[in-house]
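Structure, as structure tokens:
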Amino acid sequence: MDWIPTVTGRCRPEELGKTLVHEHLLVGYPGWQMDKIAPKFKRDEALARGTDRLQELRDYGVATFLDPCPMDLGRDVEFMAEVSQRSGVQIVCTTGVYKENEGLTYVFGALPVEEITEIYVKELTEGIDDTGIRAGLIKVATGAPEVSAYERKVLTAAGRAAAQVGCPVITHTDDARCGDEQIEILTAQGVPAHRILVGHSDGRNDHDYHRGLAEAGSYVGFDRFGIETLQPDSERIKSVLAMVQAGFTRSICLSHDSICASWLGRPIFNGSIVLQPEQIPFWSPTHIFENVLPKLRGEGVSESDIDTIFVENPRRYFEGQVSPLSS
Ligand SMILES: [Zn+2]
């Protein structure tokens, strides 16, 4: 990929710089409009909050924020563009849909794979609605313990579109399961394994699973730092250290899956993720820089390793020329 579309233009892979690969500016679970007793969404406040957070990230040297909000989770690329312009941080957005049990499944459930592929290609090459903003990659998502028929269908479409356009794929997994199946489905459609970032692999501290994904040639996302209701960060740190010590530093990406603002004006329990702020005090997009990197450095992770994880790996993932396994 010579040029990566951003929500405000485009950049070359080497211009990504320090990158957080999985964070969200604005999210709304399907049906958020139905909560008529929640406080009303205030766009100006959300824009100000998103801008503040991204400016804080810029102070940590972050140049790019990858927001893999699927189409059915309240994706608003004009909101992203405004925050990017105000904060000076580049944002890359995605096309694609969420997992079956929390997504909007009716339309894609009815459409054939060929037409879903065509929709993805349109958002990647022409743009999203009339905004002129192009998606830079495709988001796919699966639940657990298995990949549903609906999820398999949209992953197949995503694989075809990614192979056609030559863009990467970023994934959501539940409980760090089915990442290997995601790789199988996508590579069967012609996506090289090194264009796949298997997200939320930190849902379990299972080194064999992590290593298997990396050995298949894909990137492994330890990208929910701070969501300690799902897994304590101490376990995530152990997982990351095991990968670094096993020689897989070139295969891992770290992020938080943080959410700056929500269409729904109050936190609710949606079944898979607890969003009560007091239970997850460290869930912010600066948490890794403030609290996690000092611990990793204390365990012997070098500045050069940290540079590989936050700068080199995202660049290589978007360039798509070589596998992290080749050195
Ligand atoms: Zn996410």
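Residue numbering restarts at 1 in every chain; chains get A, B, ... in the order shown in the structure tokens, and ligands count up from 1 in that same order.
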
### Query
Do you know which residues are within 12 Å of ligand 1 using only C-alpha atoms and all ligand atoms? Can you write them as an MDAnalysis selection string?
chainID A and resid 20:29 66:70 73 75 93:94 97:99 139:141 170:174 198:200 221:225 227 255:260 273

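Note that DSSP on the backbone gives helix (DSSP H, G or I) to these residues of segment 80-138 of chain A: Met80, Ala81, Glu82, Val83, Ser84, Gln85, Arg86, Ser87, Glu100, Asn101, Glu102, Tyr106, Val107, Phe108, Gly109, Ala110, Val113, Glu114, Glu115, Ile116, Thr117, Glu118, Ile119, Tyr120, Val121, Lys122, Glu123, Leu124 and Thr125 of chain A.
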
Which neighbours of Asp52 of chain A fall inside 10 Å, counting only C-alpha atoms, when residues of the same chain fewer than 3 positions from it are skipped, and could you give them as a PDB file with N, CA and C atoms, in the first residue's frame?
ATOM      1  N   ALA A  46     -18.821  16.088  22.865  1.00  0.00           N
ATOM      2  CA  ALA A  46     -18.096  14.879  22.435  1.00  0.00           C
ATOM      3  C   ALA A  46     -16.883  15.261  21.582  1.00  0.00           C
ATOM      4  N   LEU A  47     -17.062  16.258  20.717  1.00  0.00           N
ATOM      5  CA  LEU A  47     -15.939  16.717  19.884  1.00  0.00           C
ATOM      6  C   LEU A  47     -14.815  17.276  20.758  1.00  0.00           C
ATOM      7  N   ALA A  48     -15.198  18.058  21.762  1.00  0.00           N
ATOM      8  CA  ALA A  48     -14.194  18.664  22.644  1.00  0.00           C
ATOM      9  C   ALA A  48     -13.458  17.577  23.426  1.00  0.00           C
ATOM     10  N   ARG A  49     -14.210  16.592  23.891  1.00  0.00           N
ATOM     11  CA  ARG A  49     -13.608  15.502  24.662  1.00  0.00           C
ATOM     12  C   ARG A  49     -12.647  14.686  23.791  1.00  0.00           C
ATOM     13  N   GLN A  55      -5.179  15.220  21.821  1.00  0.00           N
ATOM     14  CA  GLN A  55      -4.066  16.133  22.112  1.00  0.00           C
ATOM     15  C   GLN A  55      -3.169  15.564  23.204  1.00  0.00           C
ATOM     16  N   GLU A  56      -3.793  14.889  24.190  1.00  0.00           N
ATOM     17  CA  GLU A  56      -2.986  14.231  25.226  1.00  0.00           C
ATOM     18  C   GLU A  56      -2.099  13.155  24.584  1.00  0.00           C
ATOM     19  N   LEU A  57      -2.675  12.425  23.620  1.00  0.00           N
ATOM     20  CA  LEU A  57      -1.895  11.388  22.939  1.00  0.00           C
ATOM     21  C   LEU A  57      -0.751  11.991  22.137  1.00  0.00           C
ATOM     22  N   ARG A  58      -1.025  13.149  21.533  1.00  0.00           N
ATOM     23  CA  ARG A  58       0.027  13.817  20.751  1.00  0.00           C
ATOM     24  C   ARG A  58       1.205  14.171  21.656  1.00  0.00           C
ATOM     25  N   VAL A  83     -12.300  15.875  14.656  1.00  0.00           N
ATOM     26  CA  VAL A  83     -11.372  15.689  15.777  1.00  0.00           C
ATOM     27  C   VAL A  83      -9.923  15.635  15.269  1.00  0.00           C
ATOM     28  N   ARG A  86      -8.801  19.187  14.464  1.00  0.00           N
ATOM     29  CA  ARG A  86      -8.587  20.007  15.664  1.00  0.00           C
ATOM     30  C   ARG A  86      -7.356  19.570  16.459  1.00  0.00           C
ATOM     31  N   SER A  87      -7.099  18.247  16.486  1.00  0.00           N
ATOM     32  CA  SER A  87      -6.036  17.732  17.366  1.00  0.00           C
ATOM     33  C   SER A  87      -4.693  17.583  16.665  1.00  0.00           C
ATOM     34  N   CYS A 260     -13.780   7.295  23.541  1.00  0.00           N
ATOM     35  CA  CYS A 260     -13.785   8.679  24.048  1.00  0.00           C
ATOM     36  C   CYS A 260     -15.197   9.172  24.324  1.00  0.00           C
TER      37      CYS A 260
END

Using only C-alpha atoms, which residues of segment 216-247 of chain A come within 12 Å of segment 296-320 of chain A, and what is the closest atom pair for each, with the distance in Å to one decimal? Give it as CSV, sorted by chain and residue number.
residue,atom,partner,partner_atom,distance
A:Gly217,CA,A:Tyr317,CA,10.9
A:Ser218,CA,A:Tyr317,CA,9.1
A:Tyr219,CA,A:Tyr317,CA,7.9
A:Val220,CA,A:Asn313,CA,10.5
A:Gly221,CA,A:Ile309,CA,10.4
A:Phe222,CA,A:Ile309,CA,10.8
A:Asp223,CA,A:Phe310,CA,11.9
A:Asp233,CA,A:Leu296,CA,11.5
A:Ser234,CA,A:Leu296,CA,10.6
A:Arg236,CA,A:Leu296,CA,10.8
A:Ile237,CA,A:Leu296,CA,7.2
A:Lys238,CA,A:Leu296,CA,9.3
A:Ser239,CA,A:Leu296,CA,11.1
A:Val240,CA,A:Leu296,CA,8.6
A:Leu241,CA,A:Leu296,CA,7.5
A:Ala242,CA,A:Glu299,CA,10.9
A:Met243,CA,A:Val301,CA,11.0
A:Val244,CA,A:Val301,CA,7.7
A:Gln245,CA,A:Val301,CA,9.0
A:Gly247,CA,A:Asp305,CA,10.5

Selection file, N, CA and C atoms, as a PDB file, in the first residue's frame:
ATOM      1  N   GLY A 217       1.852 -16.019  10.853  1.00  0.00           N
ATOM      2  CA  GLY A 217       2.320 -14.853  10.099  1.00  0.00           C
ATOM      3  C   GLY A 217       1.525 -13.584  10.356  1.00  0.00           C
ATOM      4  N   SER A 218       0.523 -13.661  11.228  1.00  0.00           N
ATOM      5  CA  SER A 218      -0.327 -12.492  11.471  1.00  0.00           C
ATOM      6  C   SER A 218       0.173 -11.668  12.662  1.00  0.00           C
ATOM      7  N   TYR A 219      -0.411 -10.486  12.797  1.00  0.00           N
ATOM      8  CA  TYR A 219      -0.135  -9.627  13.955  1.00  0.00           C
ATOM      9  C   TYR A 219      -1.113  -9.988  15.068  1.00  0.00           C
ATOM     10  N   VAL A 220      -0.625  -9.872  16.307  1.00  0.00           N
ATOM     11  CA  VAL A 220      -1.411 -10.264  17.468  1.00  0.00           C
ATOM     12  C   VAL A 220      -1.672  -9.010  18.301  1.00  0.00           C
ATOM     13  N   GLY A 221      -2.947  -8.667  18.480  1.00  0.00           N
ATOM     14  CA  GLY A 221      -3.298  -7.443  19.206  1.00  0.00           C
ATOM     15  C   GLY A 221      -3.514  -7.694  20.693  1.00  0.00           C
ATOM     16  N   PHE A 222      -2.673  -7.046  21.512  1.00  0.00           N
ATOM     17  CA  PHE A 222      -2.901  -6.994  22.961  1.00  0.00           C
ATOM     18  C   PHE A 222      -3.473  -5.595  23.175  1.00  0.00           C
ATOM     19  N   ASP A 223      -4.755  -5.473  22.895  1.00  0.00           N
ATOM     20  CA  ASP A 223      -5.310  -4.149  22.624  1.00  0.00           C
ATOM     21  C   ASP A 223      -6.491  -3.772  23.499  1.00  0.00           C
ATOM     22  N   ASP A 233      -4.671  -6.337  33.823  1.00  0.00           N
ATOM     23  CA  ASP A 233      -3.523  -5.910  33.021  1.00  0.00           C
ATOM     24  C   ASP A 233      -2.264  -6.712  33.363  1.00  0.00           C
ATOM     25  N   SER A 234      -2.161  -7.172  34.615  1.00  0.00           N
ATOM     26  CA  SER A 234      -0.970  -7.949  34.986  1.00  0.00           C
ATOM     27  C   SER A 234      -0.856  -9.196  34.097  1.00  0.00           C
ATOM     28  N   ARG A 236      -2.124  -9.361  30.992  1.00  0.00           N
ATOM     29  CA  ARG A 236      -1.774  -8.858  29.650  1.00  0.00           C
ATOM     30  C   ARG A 236      -0.266  -8.626  29.564  1.00  0.00           C
ATOM     31  N   ILE A 237       0.296  -8.053  30.626  1.00  0.00           N
ATOM     32  CA  ILE A 237       1.735  -7.781  30.633  1.00  0.00           C
ATOM     33  C   ILE A 237       2.521  -9.090  30.541  1.00  0.00           C
ATOM     34  N   LYS A 238       2.062 -10.113  31.275  1.00  0.00           N
ATOM     35  CA  LYS A 238       2.735 -11.431  31.186  1.00  0.00           C
ATOM     36  C   LYS A 238       2.688 -11.960  29.755  1.00  0.00           C
ATOM     37  N   SER A 239       1.523 -11.809  29.117  1.00  0.00           N
ATOM     38  CA  SER A 239       1.383 -12.297  27.722  1.00  0.00           C
ATOM     39  C   SER A 239       2.354 -11.576  26.799  1.00  0.00           C
ATOM     40  N   VAL A 240       2.442 -10.257  26.943  1.00  0.00           N
ATOM     41  CA  VAL A 240       3.314  -9.457  26.073  1.00  0.00           C
ATOM     42  C   VAL A 240       4.773  -9.855  26.312  1.00  0.00           C
ATOM     43  N   LEU A 241       5.152  -9.982  27.581  1.00  0.00           N
ATOM     44  CA  LEU A 241       6.543 -10.344  27.901  1.00  0.00           C
ATOM     45  C   LEU A 241       6.890 -11.713  27.316  1.00  0.00           C
ATOM     46  N   ALA A 242       5.941 -12.648  27.402  1.00  0.00           N
ATOM     47  CA  ALA A 242       6.202 -13.994  26.858  1.00  0.00           C
ATOM     48  C   ALA A 242       6.457 -13.908  25.355  1.00  0.00           C
ATOM     49  N   MET A 243       5.704 -13.046  24.657  1.00  0.00           N
ATOM     50  CA  MET A 243       5.898 -12.910  23.206  1.00  0.00           C
ATOM     51  C   MET A 243       7.237 -12.238  22.897  1.00  0.00           C
ATOM     52  N   VAL A 244       7.578 -11.213  23.655  1.00  0.00           N
ATOM     53  CA  VAL A 244       8.851 -10.517  23.424  1.00  0.00           C
ATOM     54  C   VAL A 244      10.003 -11.501  23.681  1.00  0.00           C
ATOM     55  N   GLN A 245       9.910 -12.233  24.795  1.00  0.00           N
ATOM     56  CA  GLN A 245      10.991 -13.163  25.136  1.00  0.00           C
ATOM     57  C   GLN A 245      11.098 -14.318  24.146  1.00  0.00           C
ATOM     58  N   GLY A 247      10.725 -13.970  21.017  1.00  0.00           N
ATOM     59  CA  GLY A 247      11.209 -13.442  19.739  1.00  0.00           C
ATOM     60  C   GLY A 247      10.118 -12.960  18.794  1.00  0.00           C
TER      61      GLY A 247
END

### Message
If we count only C-alpha atoms and set the cut-off at 7 Å, which residues sit around Pro5 of chain A, ignoring sequence neighbours fewer than 3 positions away in its own chain? Please answer as a ChimeraX atom specification.
### Response
/A:9-11,92,134-136

### Message
Here is a test: counting only C-alpha atoms, which residue of A:Trp283, A:Phe41, A:Trp32, A:Tyr120 is nearest to Gly96 of chain A?
### Response
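Result for the nearest residue to Gly96 of chain A: A:Tyr120.
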
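Relative to atom CA of Leu197 of chain A, atom CA of Leu16 of chain A is found at 16.4 Å.
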
#### Entry: Spatial neighbours of Val89 of chain A, max dist 8 Å, only C-alpha atoms, sep filter under 6 positions, as a ChimeraX atom specification
/A:54-55,58,62-65

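Of the residues listed (A:Thr131, A:Thr125, A:Asn101, A:Thr95), A:Thr95 shows the shortest atom-to-atom separation from Ala157 of chain A; distances use only C-alpha atoms.
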
Using only C-alpha atoms, which residues sit within 8 Å of Leu325 of chain A once same-chain residues fewer than 6 positions away are excluded, as a PDB file with N, CA and C atoms, in the first residue's frame?
ATOM      1  N   GLU A 215       2.921 -17.324  14.557  1.00  0.00           N
ATOM      2  CA  GLU A 215       3.598 -18.291  13.679  1.00  0.00           C
ATOM      3  C   GLU A 215       2.867 -18.457  12.345  1.00  0.00           C
ATOM      4  N   GLY A 217       1.852 -16.019  10.853  1.00  0.00           N
ATOM      5  CA  GLY A 217       2.320 -14.853  10.099  1.00  0.00           C
ATOM      6  C   GLY A 217       1.525 -13.584  10.356  1.00  0.00           C
ATOM      7  N   ARG A 250       8.147  -8.385  16.719  1.00  0.00           N
ATOM      8  CA  ARG A 250       7.713  -7.837  15.415  1.00  0.00           C
ATOM      9  C   ARG A 250       6.278  -8.215  15.055  1.00  0.00           C
ATOM     10  N   SER A 251       5.663  -9.068  15.875  1.00  0.00           N
ATOM     11  CA  SER A 251       4.311  -9.542  15.545  1.00  0.00           C
ATOM     12  C   SER A 251       3.230  -8.975  16.459  1.00  0.00           C
TER      13      SER A 251
END

### Task
Fewer than 3 positions away in the same chain doesn't count, so skip those; otherwise give me all residues within 7 Å of Arg204 of chain A, counting only C-alpha atoms, as a list in words.
Asp175, Ala176 and Ser201 of chain A

### Gap from atom CA of Gln182 of chain A to atom CA of Gly127 of chain A - Å, one decimal
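Between these atoms lies a distance of 25.7 Å.
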
### DSSP-assigned strand (DSSP E) among segment 109-270 of chain A, expressed as number ranges by chain
A: 137-141, 169-172, 196-198, 219-222, 252-254, 259-262

Grab the residues selected above and save them as a CSV table (one decimal), in the first residue's frame with C-alpha atoms.
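Printed below is part.csv as written:
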chain,number,residue,atom,x,y,z
A,137,LEU,CA,-8.8,-1.1,6.0
A,138,ILE,CA,-11.6,-3.6,6.9
A,139,LYS,CA,-12.9,-4.5,10.3
A,140,VAL,CA,-14.2,-8.0,10.9
A,141,ALA,CA,-15.6,-9.5,14.1
A,169,VAL,CA,-7.9,-6.4,7.9
A,170,ILE,CA,-8.3,-5.7,11.7
A,171,THR,CA,-10.3,-8.1,13.7
A,172,HIS,CA,-12.4,-8.4,16.9
A,196,ILE,CA,-4.3,-9.5,9.4
A,197,LEU,CA,-4.2,-8.1,12.9
A,198,VAL,CA,-6.0,-10.4,15.3
A,219,TYR,CA,-0.1,-9.6,14.0
A,220,VAL,CA,-1.4,-10.3,17.5
A,221,GLY,CA,-3.3,-7.4,19.2
A,222,PHE,CA,-2.9,-7.0,23.0
A,252,ILE,CA,2.6,-7.7,18.4
A,253,CYS,CA,0.6,-4.5,18.7
A,254,LEU,CA,-0.6,-2.8,21.9
A,259,ILE,CA,-14.0,4.9,23.8
A,260,CYS,CA,-13.8,8.7,24.0
A,261,ALA,CA,-17.5,9.3,23.6
A,262,SER,CA,-20.8,7.4,23.2

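With only C-alpha atoms as the atoms that count, the minimum distance from Asn205 of chain A to the choices A:Gly88, A:Pro232, A:Gly74, A:Gly226 is reached by A:Pro232.
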
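Counting only C-alpha atoms and comparing A:Glu278, A:Glu82, A:Glu181, A:Asp129, the residue that lies closest to Glu151 of chain A is A:Glu181.
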
#### Entry: atom CA of Glu14 of chain A to atom CA of His194 of chain A, distance in Å rounded to a single decimal
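Atom-to-atom, atom CA of Glu14 of chain A and atom CA of His194 of chain A are spaced 17.1 Å apart.
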